[in-house]
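Beneath this line is the structure, given in structure tokens, with notes to follow.
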Amino acid sequence: MNLRVIRKKAKSLYTRSRIPGVSWSVNQYVGCVFACRYCYARFLTRWRDYGEWGTWVEVKTNAPELARKRVEGKVVMSTVSDPYQPVEAEMKLTRRVLQYMDKRNELSILTRSPLVTRDIGLFKLFHSIEVGLTINGFTGKEKELFEPLAPVHRARVSALKELHDAGLRTYAFVSPIIPGVSDVRAIVEETRDFAGYYFFEVLNLRASGRNFRRLLREEYPESYAVLTDEEKFRKFLRELREEINRLGVRAEGIETHQRGWEFVKL
Ligand code: SF4
């Protein structure tokens, strides 16, 4: 596949975030070649006219200089891209952003990529940092259908362990949870020794796009029914909460995406 790289100079790097508990988001890249079929970032960047999602990446070439700024409150990297997608291996933009960033900023990194372990040495320079891996357990048919180009489950689990073993604060972002498909218990059992805490998120059906909704309706009609029927969804959520509570792990809660951002405490 030919990747289109769009180089731009940005005016700022820190953007005010509406995510609960997050003050700033940082996206040195916009766009992502992992091209997950349900990706919400596709929806958030829909006004950019660069072609099909997953075929382009916008690069903020001056991001490292802009990163120097000292900001108060939690900073999340990244929300409309993956900071360790393949282009990063060569470009090292995320690495340079981390090198320049004010180390007093409270940073939270999220990725699906094992490339993140390359920067363990840099992470250690921050006063307050956590590094999370998105882990959803998709393998086989689900991997092929939902996120064929993203790193495989095993590689993400190993990366999380390596980060933890290096002494870093880690978390597992269990997302997207799809009723009847995701095995939350199995994910927790596999990662509980090296995930500092968990954040759970049910699939945001609305933001996943028309094509993904069709795919889910055709391939997993029962899952689709749960996500679109209020009563079924309530039952599913109740059972999910009970299951997570039984697992007894530290967790921030469950983002349900019912009526916009809707965060359910455990
Ligand atoms: S890795 Fe994240 S940003 Fe990239 S396509 Fe997948 S969901 Fe979207």
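Letters A, B, ... go to the chains of the structure tokens in the order shown; residues in each chain start at 1; ligands are counted from 1 in the same order.
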
Neighbour list for Trp53 in chain A as a compact mmCIF listing (two decimals) with C-alpha atoms, in the first residue's frame, cut-off 8 Å, only C-alpha atoms, skip fewer than 2 positions in-chain:
```txt
# COMPACT_ATOMS: atom_id res chain seq x y z
CA GLY A 31 -4.40 9.55 10.71
CA CYS A 32 -3.34 5.98 11.24
CA VAL A 33 -2.29 3.16 8.97
CA ALA A 35 -6.85 1.39 9.83
CA ARG A 42 -11.76 8.39 11.21
CA GLY A 51 -8.53 9.86 0.89
CA THR A 55 -3.91 5.44 3.52
CA TRP A 56 -2.59 8.75 4.84
```

Closest atom pairs, residues of range 109-184 of chain A within 9 Å of range 221-224 of chain A, only C-alpha atoms, as JSON lines:
```
{"residue": "A:Ile178", "atom": "CA", "partner": "A:Ser223", "partner_atom": "CA", "distance": 6.7}
{"residue": "A:Pro179", "atom": "CA", "partner": "A:Ser223", "partner_atom": "CA", "distance": 5.1}
{"residue": "A:Gly180", "atom": "CA", "partner": "A:Ser223", "partner_atom": "CA", "distance": 5.8}
{"residue": "A:Val181", "atom": "CA", "partner": "A:Ser223", "partner_atom": "CA", "distance": 7.5}
```

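CA of Leu168 in chain A sits 29.2 Å away from CA of Glu242 in chain A.
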
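The residue that comes closest to Asp82 in chain A, out of A:Glu65, A:Asp193, A:Glu231, A:Glu58 and on the basis of only C-alpha atoms, is A:Glu58.
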
What parts of range 3-252 of chain A does DSSP call strand (DSSP E)? I'd like the answer as a CSV table (one decimal) with C-alpha atoms, in the first residue's frame.
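In the end it all went to result_22.csv:
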```csv
chain,number,residue,atom,x,y,z
A,4,ARG,CA,0.5,9.3,1.7
A,5,VAL,CA,2.5,11.4,4.1
A,6,ILE,CA,1.3,15.0,4.5
A,7,ARG,CA,3.8,17.3,6.2
A,8,LYS,CA,2.4,20.3,8.1
A,14,TYR,CA,-1.6,20.7,23.1
A,15,THR,CA,-5.4,20.7,22.4
A,16,ARG,CA,-8.0,21.0,25.2
A,24,TRP,CA,-5.0,18.0,27.0
A,25,SER,CA,-4.6,15.7,24.0
A,26,VAL,CA,-1.4,15.6,21.9
A,29,TYR,CA,0.3,12.4,13.9
A,30,VAL,CA,-3.2,12.6,12.6
A,56,TRP,CA,-2.6,8.8,4.8
A,57,VAL,CA,-0.8,10.2,7.8
A,58,GLU,CA,-0.5,13.9,8.6
A,59,VAL,CA,2.8,14.7,10.3
A,60,LYS,CA,3.2,17.8,12.4
A,74,LYS,CA,-3.4,15.1,32.3
A,75,VAL,CA,-2.0,15.0,28.8
A,76,VAL,CA,-3.1,12.1,26.6
A,77,MET,CA,-1.1,10.9,23.6
A,106,GLU,CA,1.6,14.5,33.4
A,107,LEU,CA,1.6,12.2,30.5
A,108,SER,CA,-0.5,9.2,29.5
A,109,ILE,CA,0.4,7.3,26.4
A,110,LEU,CA,-1.9,4.9,24.6
A,111,THR,CA,-1.0,2.6,21.7
A,128,SER,CA,4.5,11.4,36.1
A,129,ILE,CA,3.8,9.0,33.3
A,130,GLU,CA,1.6,6.0,32.5
A,131,VAL,CA,1.7,3.9,29.4
A,132,GLY,CA,-1.2,1.9,28.1
A,133,LEU,CA,-1.8,-0.8,25.5
A,134,THR,CA,-5.2,-1.3,23.9
A,169,ARG,CA,3.1,2.5,35.5
A,170,THR,CA,0.9,0.7,33.0
A,171,TYR,CA,-2.7,0.2,32.1
A,172,ALA,CA,-4.7,-1.9,29.8
A,173,PHE,CA,-7.4,-0.2,27.7
A,174,VAL,CA,-9.8,-2.9,27.0
A,175,SER,CA,-11.5,-1.6,23.9
A,176,PRO,CA,-13.7,-2.0,22.0
A,177,ILE,CA,-15.8,-4.4,24.0
A,197,TYR,CA,-5.2,-0.7,36.2
A,198,TYR,CA,-7.9,-1.1,33.5
A,199,PHE,CA,-10.1,1.1,31.6
A,200,PHE,CA,-13.0,-0.6,29.8
A,201,GLU,CA,-14.8,0.8,26.8
A,202,VAL,CA,-17.8,-0.7,25.0
A,251,ALA,CA,-10.4,-0.1,37.2
A,252,GLU,CA,-11.4,3.4,36.2
```

Legend entry - Near-Glu147 in chain A list (10 Å; only C-alpha atoms; drop same-chain fewer than 4 positions) as a ChimeraX atom specification: /A:34-39,138-139,142-143,151-152

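Straight-line separation from CA of Leu160 in chain A to CA of Val184 in chain A: 16.6 Å.
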
Inset, instruction - as a VMD selection string, list the residues of range 52-184 of chain A assigned to alpha helix (DSSP H) by DSSP on the backbone atoms of this structure. - result: chain A and resid 63 to 66 87 to 91 93 to 100 120 to 123 140 to 146 153 to 165 184

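As for CA of Ala41 in chain A and atom 1 (S, counted along the ligand's line) of ligand 1, they are spaced 8.9 Å apart.
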